[in-house]
>>> print(open('run-v2.txt').read())   # compact mmCIF, C-alpha atoms and all ligand atoms
# COMPACT_ATOMS: atom_id res chain seq x y z
CA MET G 1282 -2.93 28.09 44.02
CA ARG G 1283 -6.11 27.72 42.02
CA ILE G 1284 -8.05 29.94 44.44
CA ARG G 1285 -5.39 32.64 44.24
CA LYS G 1286 -5.52 32.58 40.42
CA PHE G 1287 -9.33 32.81 40.52
CA ALA G 1288 -9.15 35.73 42.96
CA PHE G 1289 -6.73 37.53 40.64
CA VAL G 1290 -8.92 37.03 37.58
CA LEU G 1291 -11.94 38.27 39.57
CA ALA G 1292 -10.05 41.32 40.85
CA ALA G 1293 -8.72 42.09 37.38
CA GLY G 1294 -12.25 41.97 36.01
CA VAL G 1295 -13.64 44.23 38.74
CA LEU G 1296 -10.81 46.71 38.32
CA GLY G 1297 -11.23 46.71 34.53
CA LEU G 1298 -7.79 45.18 33.98
CA ALA G 1299 -9.02 42.51 31.57
CA PRO G 1300 -7.73 43.05 28.02
CA ALA G 1301 -10.21 45.12 26.03
CA LYS G 1302 -9.63 43.18 22.83
CA ALA G 1303 -10.17 39.43 22.51
CA GLN G 1304 -6.92 37.62 21.88
CA GLU G 1305 -6.36 36.70 18.23
CA GLN G 1306 -6.38 32.95 17.86
CA VAL G 1307 -6.02 30.28 15.23
CA GLU G 1308 -7.31 26.76 15.61
CA VAL G 1309 -5.28 24.53 13.33
CA LEU G 1310 -6.15 20.99 12.29
CA HIS G 1311 -3.10 18.97 11.24
CA TRP G 1312 -1.49 15.54 11.45
CA TRP G 1313 2.02 16.55 12.46
CA THR G 1314 2.32 14.42 15.57
CA ALA G 1315 5.60 12.53 15.02
CA GLY G 1316 8.70 13.95 16.75
CA GLY G 1317 10.22 15.73 13.74
CA GLU G 1318 6.82 16.99 12.57
CA ALA G 1319 5.91 18.42 15.98
CA ALA G 1320 9.32 20.14 16.21
CA ALA G 1321 8.72 21.82 12.85
CA LEU G 1322 5.22 22.86 13.86
CA SER G 1323 6.49 24.63 16.98
CA VAL G 1324 8.43 26.95 14.66
CA LEU G 1325 5.07 28.15 13.33
CA LYS G 1326 3.46 28.32 16.77
CA ASP G 1327 6.35 30.43 18.10
CA ASN G 1328 6.28 32.72 15.08
CA LEU G 1329 2.57 33.44 15.59
CA ALA G 1330 2.95 33.83 19.36
CA LYS G 1331 5.43 36.64 18.67
CA GLN G 1332 2.73 38.33 16.62
CA GLY G 1333 0.20 37.98 19.45
CA VAL G 1334 -1.72 35.12 17.86
CA THR G 1335 -2.45 32.17 20.13
CA TRP G 1336 -2.50 28.64 18.80
CA LYS G 1337 -5.28 26.17 19.49
CA ASP G 1338 -3.97 22.82 18.46
CA MET G 1339 -6.12 20.22 16.77
CA PRO G 1340 -3.74 17.35 16.06
CA VAL G 1341 -5.16 14.21 14.47
CA ALA G 1342 -2.52 11.46 14.45
CA GLY G 1343 -2.15 9.28 11.39
CA GLY G 1344 0.48 9.50 8.65
CA SER G 1345 -0.48 11.24 5.40
CA GLY G 1346 -3.60 12.68 7.03
CA VAL G 1347 -6.10 9.88 6.44
CA GLN G 1348 -7.69 10.27 9.90
CA ALA G 1349 -7.26 14.05 9.84
CA MET G 1350 -9.46 14.26 6.75
CA THR G 1351 -12.25 12.37 8.52
CA ALA G 1352 -11.99 14.73 11.49
CA LEU G 1353 -12.07 17.76 9.21
CA ARG G 1354 -15.18 16.53 7.42
CA ALA G 1355 -16.91 16.07 10.77
CA ARG G 1356 -16.03 19.61 11.88
CA VAL G 1357 -17.16 21.22 8.64
CA THR G 1358 -20.37 19.18 8.54
CA ALA G 1359 -21.13 20.25 12.11
CA GLY G 1360 -20.79 23.88 10.98
CA THR G 1361 -17.68 24.49 13.10
CA PRO G 1362 -14.69 24.42 10.77
CA PRO G 1363 -11.25 25.15 12.22
CA THR G 1364 -9.45 28.38 11.34
CA ALA G 1365 -7.01 26.51 9.15
CA ALA G 1366 -6.36 22.92 8.11
CA GLN G 1367 -3.37 21.11 6.67
CA LEU G 1368 -4.42 19.74 3.28
CA LEU G 1369 -2.88 18.06 0.27
CA GLY G 1370 -3.52 18.28 -3.46
CA PHE G 1371 -6.96 17.24 -4.62
CA ASN G 1372 -8.41 17.68 -1.12
CA LEU G 1373 -7.61 21.38 -1.47
CA ARG G 1374 -9.59 21.42 -4.69
CA ASP G 1375 -12.54 19.63 -3.07
CA TRP G 1376 -12.89 22.08 -0.20
CA GLY G 1377 -12.11 25.08 -2.39
CA SER G 1378 -14.73 24.22 -4.99
CA GLN G 1379 -17.36 23.58 -2.32
CA GLY G 1380 -17.05 27.18 -1.22
CA PHE G 1381 -15.67 26.57 2.29
CA ALA G 1382 -12.36 28.36 1.83
CA ALA G 1383 -11.59 31.95 2.79
CA ASN G 1384 -10.22 34.21 0.07
CA LEU G 1385 -6.51 35.01 0.55
CA ASP G 1386 -6.05 37.23 -2.52
CA ASP G 1387 -5.13 40.32 -0.47
CA VAL G 1388 -2.37 38.53 1.46
CA ALA G 1389 -1.14 36.92 -1.75
CA LYS G 1390 -0.97 40.28 -3.52
CA ALA G 1391 0.75 42.06 -0.63
CA ASN G 1392 3.39 39.33 -0.42
CA ASP G 1393 3.94 38.62 -4.12
CA TRP G 1394 2.85 34.97 -3.96
CA GLU G 1395 2.04 34.93 -7.67
CA LYS G 1396 5.74 35.31 -8.46
CA LEU G 1397 7.13 33.30 -5.56
CA VAL G 1398 5.09 30.10 -5.51
CA PRO G 1399 6.09 27.45 -8.09
CA GLU G 1400 3.42 26.58 -10.67
CA PRO G 1401 2.90 22.91 -9.69
CA LEU G 1402 1.90 24.04 -6.16
CA LYS G 1403 -0.04 27.09 -7.25
CA ALA G 1404 -2.28 24.86 -9.33
CA PHE G 1405 -3.66 23.57 -6.00
CA SER G 1406 -3.42 26.76 -3.89
CA LYS G 1407 -6.00 28.54 -6.03
CA ASP G 1408 -9.63 27.91 -6.76
CA ALA G 1409 -11.28 29.60 -9.73
CA GLY G 1410 -8.37 32.05 -9.90
CA HIS G 1411 -8.47 32.98 -6.19
CA TRP G 1412 -5.90 32.06 -3.55
CA VAL G 1413 -7.50 29.72 -1.00
CA ALA G 1414 -4.43 28.09 0.55
CA VAL G 1415 -0.87 28.87 1.46
CA PRO G 1416 1.83 26.24 0.74
CA VAL G 1417 4.23 25.44 3.57
CA ASN G 1418 6.77 23.18 1.90
CA ILE G 1419 7.69 20.90 -0.97
CA HIS G 1420 8.05 17.33 0.21
CA SER G 1421 8.82 14.48 -2.11
CA THR G 1422 8.26 10.78 -1.77
CA ASN G 1423 10.93 9.12 -3.92
CA TRP G 1424 13.65 9.00 -1.28
CA LEU G 1425 15.62 6.19 0.32
CA TRP G 1426 17.02 6.47 3.87
CA ILE G 1427 19.96 4.22 4.68
CA ASN G 1428 21.75 3.43 7.93
CA LYS G 1429 25.35 4.48 7.25
CA ALA G 1430 27.01 1.89 9.51
CA ALA G 1431 25.11 -0.94 7.81
CA LEU G 1432 26.03 0.45 4.39
CA ASP G 1433 29.71 0.73 5.36
CA LYS G 1434 29.66 -2.81 6.70
CA SER G 1435 28.29 -4.03 3.35
CA GLY G 1436 31.21 -2.44 1.52
CA LEU G 1437 28.72 -1.21 -1.12
CA GLN G 1438 28.10 2.24 -2.54
CA PRO G 1439 24.65 3.83 -2.21
CA PRO G 1440 22.54 2.08 -4.89
CA LYS G 1441 21.83 3.89 -8.16
CA THR G 1442 19.74 1.17 -9.80
CA LEU G 1443 17.12 -1.30 -8.65
CA ASP G 1444 19.59 -4.16 -9.08
CA GLU G 1445 22.12 -2.40 -6.84
CA PHE G 1446 19.31 -1.74 -4.37
CA ILE G 1447 18.43 -5.44 -4.23
CA ALA G 1448 22.13 -6.30 -3.78
CA MET G 1449 22.28 -3.89 -0.83
CA LEU G 1450 19.15 -5.40 0.71
CA ASP G 1451 20.69 -8.87 0.37
CA ALA G 1452 23.79 -7.61 2.17
CA PHE G 1453 21.63 -6.19 5.00
CA LYS G 1454 19.80 -9.49 5.27
CA GLY G 1455 23.18 -11.16 5.59
CA GLN G 1456 23.97 -8.84 8.51
CA GLY G 1457 20.96 -10.20 10.38
CA ILE G 1458 19.03 -6.92 10.39
CA THR G 1459 15.69 -6.09 8.76
CA ALA G 1460 16.77 -5.18 5.25
CA LEU G 1461 13.87 -2.85 4.41
CA ALA G 1462 11.83 -1.17 7.14
CA HIS G 1463 8.25 -0.76 5.97
CA GLY G 1464 4.97 0.08 7.62
CA GLY G 1465 2.09 -1.79 6.02
CA SER G 1466 -0.81 0.58 5.37
CA PRO G 1467 -2.36 1.65 2.08
CA TRP G 1468 -0.64 5.05 1.94
CA GLN G 1469 2.75 3.65 2.90
CA ASP G 1470 2.43 0.72 0.48
CA THR G 1471 1.57 3.17 -2.30
CA THR G 1472 4.42 5.52 -1.35
CA LEU G 1473 6.79 2.60 -1.99
CA TRP G 1474 4.85 1.47 -5.08
CA GLU G 1475 4.93 4.86 -6.80
CA ALA G 1476 8.72 5.02 -6.36
CA VAL G 1477 9.03 1.52 -7.81
CA VAL G 1478 6.76 2.40 -10.77
CA LEU G 1479 8.83 5.53 -11.46
CA SER G 1480 12.07 3.59 -11.18
CA ILE G 1481 10.96 0.85 -13.54
CA GLY G 1482 8.97 2.85 -16.07
CA GLY G 1483 10.54 6.30 -15.88
CA MET G 1484 8.68 9.60 -15.87
CA ASP G 1485 6.83 9.05 -19.16
CA PHE G 1486 5.38 5.82 -17.86
CA TYR G 1487 4.43 7.36 -14.49
CA ARG G 1488 2.61 10.11 -16.36
CA LYS G 1489 0.79 7.66 -18.59
CA ALA G 1490 -0.20 5.18 -15.92
CA VAL G 1491 -0.72 7.31 -12.82
CA LEU G 1492 -1.57 10.77 -14.11
CA GLN G 1493 -3.37 9.93 -17.36
CA LEU G 1494 -4.71 6.54 -16.22
CA ASP G 1495 -4.02 5.01 -19.62
CA PRO G 1496 -5.61 1.50 -19.48
CA ALA G 1497 -2.87 -0.01 -21.67
CA ALA G 1498 -0.14 1.32 -19.35
CA LEU G 1499 -2.04 0.09 -16.28
CA LYS G 1500 -1.92 -3.50 -17.49
CA SER G 1501 1.39 -3.32 -19.35
CA ASP G 1502 4.49 -5.47 -18.92
CA THR G 1503 6.14 -2.49 -17.21
CA MET G 1504 3.35 -2.48 -14.63
CA ARG G 1505 3.76 -6.24 -14.24
CA LYS G 1506 7.43 -5.68 -13.46
CA ALA G 1507 6.48 -3.05 -10.87
CA PHE G 1508 4.07 -5.41 -9.07
CA ASP G 1509 6.59 -8.27 -9.22
CA THR G 1510 9.21 -5.96 -7.72
CA MET G 1511 6.80 -5.15 -4.87
CA THR G 1512 6.49 -8.87 -4.17
CA LYS G 1513 10.26 -9.17 -4.16
CA LEU G 1514 10.65 -6.19 -1.81
CA ARG G 1515 8.13 -7.66 0.59
CA GLY G 1516 10.61 -10.48 1.13
CA TYR G 1517 12.93 -7.93 2.80
CA PHE G 1518 10.37 -6.67 5.37
CA ASP G 1519 10.30 -7.95 8.94
CA LYS G 1520 7.35 -9.95 10.27
CA GLY G 1521 5.92 -7.05 12.23
CA PHE G 1522 5.54 -4.62 9.31
CA SER G 1523 1.76 -4.67 9.06
CA GLY G 1524 0.11 -1.52 10.44
CA ARG G 1525 3.34 -0.01 11.72
CA ASP G 1526 3.58 3.81 11.70
CA TRP G 1527 6.12 5.29 9.29
CA ASN G 1528 8.14 6.95 12.04
CA LEU G 1529 8.60 3.65 13.87
CA SER G 1530 10.12 2.21 10.70
CA THR G 1531 12.40 5.26 10.51
CA ALA G 1532 13.39 4.59 14.13
CA MET G 1533 14.44 1.07 13.14
CA VAL G 1534 16.84 2.56 10.57
CA ILE G 1535 18.07 5.15 13.07
CA LYS G 1536 18.86 2.43 15.62
CA GLY G 1537 20.45 0.11 13.07
CA GLU G 1538 17.75 -2.52 13.52
CA ALA G 1539 16.95 -2.02 9.84
CA GLY G 1540 19.15 -1.08 6.92
CA ALA G 1541 16.91 1.19 4.86
CA GLN G 1542 13.48 2.73 4.44
CA GLU G 1543 11.75 4.15 1.39
CA MET G 1544 9.86 7.22 2.63
CA GLY G 1545 9.21 10.88 1.89
CA ASP G 1546 11.67 13.44 3.21
CA TRP G 1547 9.65 14.05 6.37
CA ALA G 1548 11.66 11.01 7.56
CA LYS G 1549 14.65 13.32 7.87
CA GLY G 1550 12.90 15.11 10.71
CA GLU G 1551 13.13 11.89 12.74
CA PHE G 1552 16.87 11.47 12.08
CA ILE G 1553 17.53 15.10 13.03
CA GLY G 1554 15.36 14.76 16.15
CA ALA G 1555 17.50 11.76 17.15
CA LYS G 1556 20.61 13.98 16.69
CA LYS G 1557 21.82 12.07 13.64
CA THR G 1558 23.88 13.68 10.90
CA PRO G 1559 23.56 13.12 7.13
CA ASP G 1560 26.47 11.22 5.54
CA GLN G 1561 27.79 10.38 8.99
CA ASP G 1562 24.95 8.40 10.57
CA PHE G 1563 22.57 8.08 7.64
CA VAL G 1564 22.50 8.50 3.89
CA CYS G 1565 19.67 10.08 1.90
CA ILE G 1566 19.40 9.34 -1.79
CA ARG G 1567 16.71 9.40 -4.44
CA PHE G 1568 15.02 6.02 -4.67
CA PRO G 1569 17.31 4.02 -7.00
CA GLY G 1570 16.44 4.65 -10.64
CA THR G 1571 14.40 7.82 -10.00
CA GLN G 1572 17.23 10.38 -10.03
CA GLY G 1573 16.23 13.60 -11.80
CA ASN G 1574 12.54 13.10 -11.03
CA VAL G 1575 10.55 14.38 -8.07
CA LEU G 1576 7.19 13.03 -6.92
CA PHE G 1577 6.05 15.94 -4.82
CA ASN G 1578 3.50 16.59 -2.11
CA ALA G 1579 3.28 20.06 -0.65
CA ASP G 1580 1.50 20.64 2.64
CA GLN G 1581 -0.79 23.64 2.35
CA PHE G 1582 -2.92 25.42 4.92
CA MET G 1583 -6.41 26.21 3.77
CA MET G 1584 -8.14 28.95 5.74
CA PHE G 1585 -11.83 28.32 6.29
CA LYS G 1586 -14.56 30.95 5.89
CA LEU G 1587 -15.32 32.18 9.41
CA GLY G 1588 -16.52 35.46 10.89
CA ALA G 1589 -14.81 38.83 10.35
CA LYS G 1590 -13.14 38.59 13.75
CA ASP G 1591 -11.06 35.62 12.60
CA ILE G 1592 -9.71 37.25 9.45
CA PRO G 1593 -6.76 39.20 10.97
CA ALA G 1594 -5.33 36.07 12.59
CA GLN G 1595 -5.88 34.04 9.42
CA HIS G 1596 -4.06 36.66 7.39
CA LYS G 1597 -1.19 36.83 9.87
CA MET G 1598 -0.80 33.06 9.73
CA ALA G 1599 -0.96 32.98 5.94
CA ALA G 1600 1.66 35.71 5.59
CA ALA G 1601 3.92 34.09 8.21
CA VAL G 1602 3.94 30.75 6.41
CA LEU G 1603 5.51 32.07 3.21
CA ASP G 1604 7.89 34.47 4.92
CA THR G 1605 11.52 33.64 3.98
CA SER G 1606 12.95 33.26 7.46
CA PHE G 1607 10.03 31.02 8.48
CA GLN G 1608 10.47 28.93 5.34
CA VAL G 1609 14.10 28.28 6.30
CA ALA G 1610 13.46 27.68 10.00
CA PHE G 1611 10.54 25.33 9.36
CA ASN G 1612 11.74 23.34 6.37
CA LYS G 1613 15.19 22.57 7.69
CA VAL G 1614 13.51 20.81 10.60
CA LYS G 1615 10.67 19.25 8.58
CA GLY G 1616 12.93 17.74 5.90
CA SER G 1617 11.21 19.49 3.01
CA ALA G 1618 12.30 22.13 0.50
CA PRO G 1619 10.89 25.66 0.83
CA ALA G 1620 7.58 26.36 -0.89
CA ARG G 1621 8.84 29.63 -2.32
CA LEU G 1622 11.41 29.92 -5.07
CA GLY G 1623 14.86 31.36 -4.55
CA VAL G 1624 15.32 30.70 -0.81
CA SER G 1625 19.00 30.21 0.05
CA ASP G 1626 20.02 26.67 1.08
CA ALA G 1627 22.89 27.94 3.25
CA GLU G 1628 21.29 26.90 6.55
CA PHE G 1629 20.17 23.46 5.31
CA ASP G 1630 22.07 20.22 5.93
CA ALA G 1631 23.33 17.95 3.13
CA CYS G 1632 19.94 16.24 2.61
CA GLY G 1633 18.13 19.58 2.65
CA LYS G 1634 20.54 21.03 0.09
CA LYS G 1635 20.07 17.99 -2.12
CA GLY G 1636 16.28 18.24 -1.84
CA ILE G 1637 16.29 21.93 -2.74
CA LYS G 1638 18.56 21.33 -5.74
CA ASP G 1639 16.51 18.36 -6.97
CA VAL G 1640 13.28 20.35 -6.70
CA ALA G 1641 14.70 23.38 -8.54
CA GLU G 1642 16.09 21.20 -11.33
CA ALA G 1643 12.93 19.14 -11.64
CA ILE G 1644 10.72 22.24 -11.80
CA ALA G 1645 12.94 23.65 -14.55
CA ALA G 1646 12.91 20.35 -16.45
CA GLY G 1647 9.20 19.71 -15.96
CA THR G 1648 9.92 16.49 -14.06
CA MET G 1649 8.32 17.41 -10.75
CA VAL G 1650 4.92 15.75 -10.74
CA GLY G 1651 2.35 14.88 -8.09
CA SER G 1652 2.64 11.96 -5.70
CA LEU G 1653 -0.29 9.57 -5.96
CA ALA G 1654 0.00 8.34 -2.38
CA HIS G 1655 -0.13 11.90 -1.03
CA GLY G 1656 -3.02 13.25 -3.01
CA TYR G 1657 -1.31 15.23 -5.75
CA ALA G 1658 -1.92 12.89 -8.69
CA GLN G 1659 -5.59 11.91 -8.48
CA PRO G 1660 -8.76 12.72 -6.54
CA ASP G 1661 -9.50 10.51 -3.53
CA SER G 1662 -11.87 8.10 -5.30
CA ILE G 1663 -9.22 7.11 -7.85
CA LYS G 1664 -6.37 7.28 -5.34
CA ASN G 1665 -8.27 4.84 -3.15
CA ALA G 1666 -8.80 2.47 -6.08
CA PHE G 1667 -5.00 2.34 -6.50
CA PHE G 1668 -4.56 1.94 -2.71
CA ASP G 1669 -6.85 -1.11 -2.62
CA VAL G 1670 -5.10 -2.97 -5.41
CA VAL G 1671 -1.56 -2.09 -4.29
CA THR G 1672 -2.18 -3.11 -0.68
CA GLN G 1673 -4.09 -6.29 -1.47
CA HIS G 1674 -1.33 -7.33 -3.85
CA LEU G 1675 1.44 -6.55 -1.37
CA ASN G 1676 -0.38 -8.58 1.28
CA GLY G 1677 -0.64 -11.57 -1.06
CA GLN G 1678 -4.42 -11.31 -1.53
CA LEU G 1679 -4.00 -10.67 -5.26
CA THR G 1680 -1.49 -12.23 -7.63
CA THR G 1681 0.28 -9.96 -10.08
CA ASP G 1682 -2.01 -11.26 -12.86
CA GLN G 1683 -5.07 -10.39 -10.78
CA ALA G 1684 -3.67 -6.96 -9.87
CA LEU G 1685 -3.12 -6.17 -13.55
CA THR G 1686 -6.75 -6.99 -14.33
CA ARG G 1687 -8.15 -5.39 -11.18
CA LEU G 1688 -6.28 -2.07 -11.43
CA PRO G 1689 -7.78 -0.74 -14.70
CA ALA G 1690 -11.21 -2.08 -13.68
CA ALA G 1691 -11.14 -0.44 -10.23
CA ILE G 1692 -10.02 2.86 -11.74
CA ALA G 1693 -12.67 2.77 -14.45
CA ALA G 1694 -15.31 2.14 -11.76
CA ALA G 1695 -14.01 5.01 -9.62
CA LYS G 1696 -14.02 7.56 -12.47
C1 LIG G 1701 2.67 15.08 4.68
C2 LIG G 1701 3.86 15.30 5.57
C3 LIG G 1701 3.80 14.34 6.75
C4 LIG G 1701 3.64 12.91 6.24
C5 LIG G 1701 3.55 11.88 7.36
C6 LIG G 1701 2.54 13.62 4.32
O1 LIG G 1701 1.37 13.42 3.57
O2 LIG G 1701 2.78 15.85 3.51
O3 LIG G 1701 3.91 16.61 6.03
O4 LIG G 1701 4.95 14.49 7.53
O5 LIG G 1701 2.47 12.82 5.48
O6 LIG G 1701 2.49 12.10 8.17
>>> encode(input="run-v2.txt", output="structure tokens")
Amino acid sequence: MRIRKFAFVLAAGVLGLAPAKAQEQVEVLHWWTAGGEAAALSVLKDNLAKQGVTWKDMPVAGGSGVQAMTALRARVTAGTPPTAAQLLGFNLRDWGSQGFAANLDDVAKANDWEKLVPEPLKAFSKDAGHWVAVPVNIHSTNWLWINKAALDKSGLQPPKTLDEFIAMLDAFKGQGITALAHGGSPWQDTTLWEAVVLSIGGMDFYRKAVLQLDPAALKSDTMRKAFDTMTKLRGYFDKGFSGRDWNLSTAMVIKGEAGAQEMGDWAKGEFIGAKKTPDQDFVCIRFPGTQGNVLFNADQFMMFKLGAKDIPAQHKMAAAVLDTSFQVAFNKVKGSAPARLGVSDAEFDACGKKGIKDVAEAIAAGTMVGSLAHGYAQPDSIKNAFFDVVTQHLNGQLTTDQALTRLPAAIAAAK
């Protein structure tokens, strides 16, 4: 078989049958390796294949891209950046300001991005007034995913407040299942923490503490309540939570081994992949007490500066990503809302419709702000200072008193 293929290639070469033009190709670094994520990514691969662009995959497993960022740094440092890389928030700014990003102004102009991309995303897609990245989606982190059968068994309604949430977790505990599925890692701990902070303090407090880093807010009674709530929630985890991947926790909810999970809306991709239906098999709601507010993280592809031969494929990929039909096909699988305004929600399921509505309302009301855990609130140095304190506290290495002293100090040192 192999010999025959070799003979054909040789004959084709001799007879001049080899394609005259090198195949257009994109090499894409990303961390979409969970089932739902990979399914969404194939929508992009297929779209580009139809345009004659081949896909060289560079997947780096690890939720929220922690490991992917290390891999990207290594590639850029070695002088061999990929064609495009999945990036979030302040990481886009880092690479953009260091001069590694290709300029996408022409594609942006031809496709009206200025008008179509919402301001909170655009603030990260551009560097010094030039487009350097194309947003794929609008995810948000303040969601709760509930197993419908467990909820029905409890006789309770989906919780609207933290107290109702705790009552539901108690009911799940009573059913003998893990009440709250959680994967212990700094980004997952902080994804839960930021929802708790928003629920307890509201949007003004989130802004003060997380976006403005106000020292008084960081050690306030409201923050104390948030840390104490984290300790309480830890009592609803199972013993094996430490180090578990987010999608394995989602699988526990899907199978009914756990009652609920707090996680960004990429979790929906796992439910859909397991052929589960919203409101029938699972329930998606805003994390109790955070209704009306959206903590967003938008995946964006930054194109890296390469040779002239790579530009056509980069431009094709960039244009494809914000194309309306792609936005629908991709985001309904990924769990996110489209990254361009005004896309119809007709093809989205109940959770997708809710996400799209929440995002539109929050943008209009000015209550869509960046997620800390996913890089849209603070640069890495400060984000990591939060991560350390939140995780050490959740793991019992810091008391709440210590966390309240340590947090402002760690942030001041990281500034
Ligand atoms: C990304 C999502 C991804 C999730 C889990 C988030 O930071 O924005 O696209 O599905 O991490 O890996």
>>> residues_around(input="run-v2.txt", residues="region 1559-1576 of chain G", least_positions_apart="6", cutoff="7 Å", atoms="only C-alpha atoms", output="PyMOL selection string")
chain G and resi 1421-1430+1440-1443+1446+1476+1479-1480+1631-1632+1639-1640+1643+1648-1652
>>> closest_residue(input="run-v2.txt", among="G:Ala1541, G:Leu1368, G:Val1670, G:Ile1419", to="Leu1499 (chain G)", atoms="only C-alpha atoms")
G:Val1670
>>> closest_residue(input="run-v2.txt", among="G:Ala1462, G:Leu1437, G:Met1583, G:Ala1431", to="Arg1525 (chain G)", atoms="only C-alpha atoms")
G:Ala1462
>>> axis_aligned_box(input="run-v2.txt", around="ligand LIG 1701 (chain G)", padding_each_side="5 Å", output="AutoDock Vina command-line options")
--center_x 3.2 --center_y 14.2 --center_z 5.8 --size_x 13.6 --size_y 14.7 --size_z 14.7
>>> residues_near_ligand(input="run-v2.txt", ligand="ligand LIG 1701 (chain G)", cutoff="10 Å", atoms="all atoms listed in the file", output="PyMOL selection string")
chain G and resi 1311-1319+1321+1342-1347+1367-1370+1417-1422+1468-1469+1472+1526-1528+1544-1550+1577-1581+1615-1617+1652+1654-1657
>>> closest_residue(input="run-v2.txt", among="G:Trp1412, G:Tyr1517, G:Phe1582, G:Phe1508", to="Gln1542 (chain G)", atoms="only C-alpha atoms")
G:Tyr1517
>>> residues_around(input="run-v2.txt", residues="Leu1679 (chain G)", least_positions_apart="4", cutoff="12 Å", atoms="all atoms listed in the file", output="PyMOL selection string")
chain G and resi 1508-1509+1512+1669-1675+1683-1688
>>> closest_residue(input="run-v2.txt", among="G:Ser1606, G:Thr1364, G:Ser1530, G:Asn1665", to="His1463 (chain G)", atoms="only C-alpha atoms")
G:Ser1530
>>> atom_distance(input="run-v2.txt", atom1="CA of Thr1471 (chain G)", atom2="CA of Lys1664 (chain G)")
9.4 Å
>>> closest_residue(input="run-v2.txt", among="G:Leu1653, G:Asn1612, G:Ala1383, G:Ile1535", to="Ile1637 (chain G)", atoms="only C-alpha atoms")
G:Asn1612
>>> decode(input="run-v2.txt", residues="region 1409-1421 of chain G", atoms="C-alpha atoms", output="tab-separated table (two decimals), in the first residue's frame")
chain	number	residue	atom	x	y	z
G	1409	ALA	CA	-2.85	50.82	19.24
G	1410	GLY	CA	-5.95	51.24	17.06
G	1411	HIS	CA	-5.18	48.28	14.77
G	1412	TRP	CA	-7.07	44.98	14.62
G	1413	VAL	CA	-4.79	42.17	15.79
G	1414	ALA	CA	-7.32	39.48	16.71
G	1415	VAL	CA	-10.68	38.16	15.67
G	1416	PRO	CA	-13.22	37.23	18.39
G	1417	VAL	CA	-14.92	33.85	18.06
G	1418	ASN	CA	-17.52	33.95	20.80
G	1419	ILE	CA	-18.79	35.47	24.01
G	1420	HIS	CA	-18.59	33.00	26.86
G	1421	SER	CA	-19.54	33.85	30.38
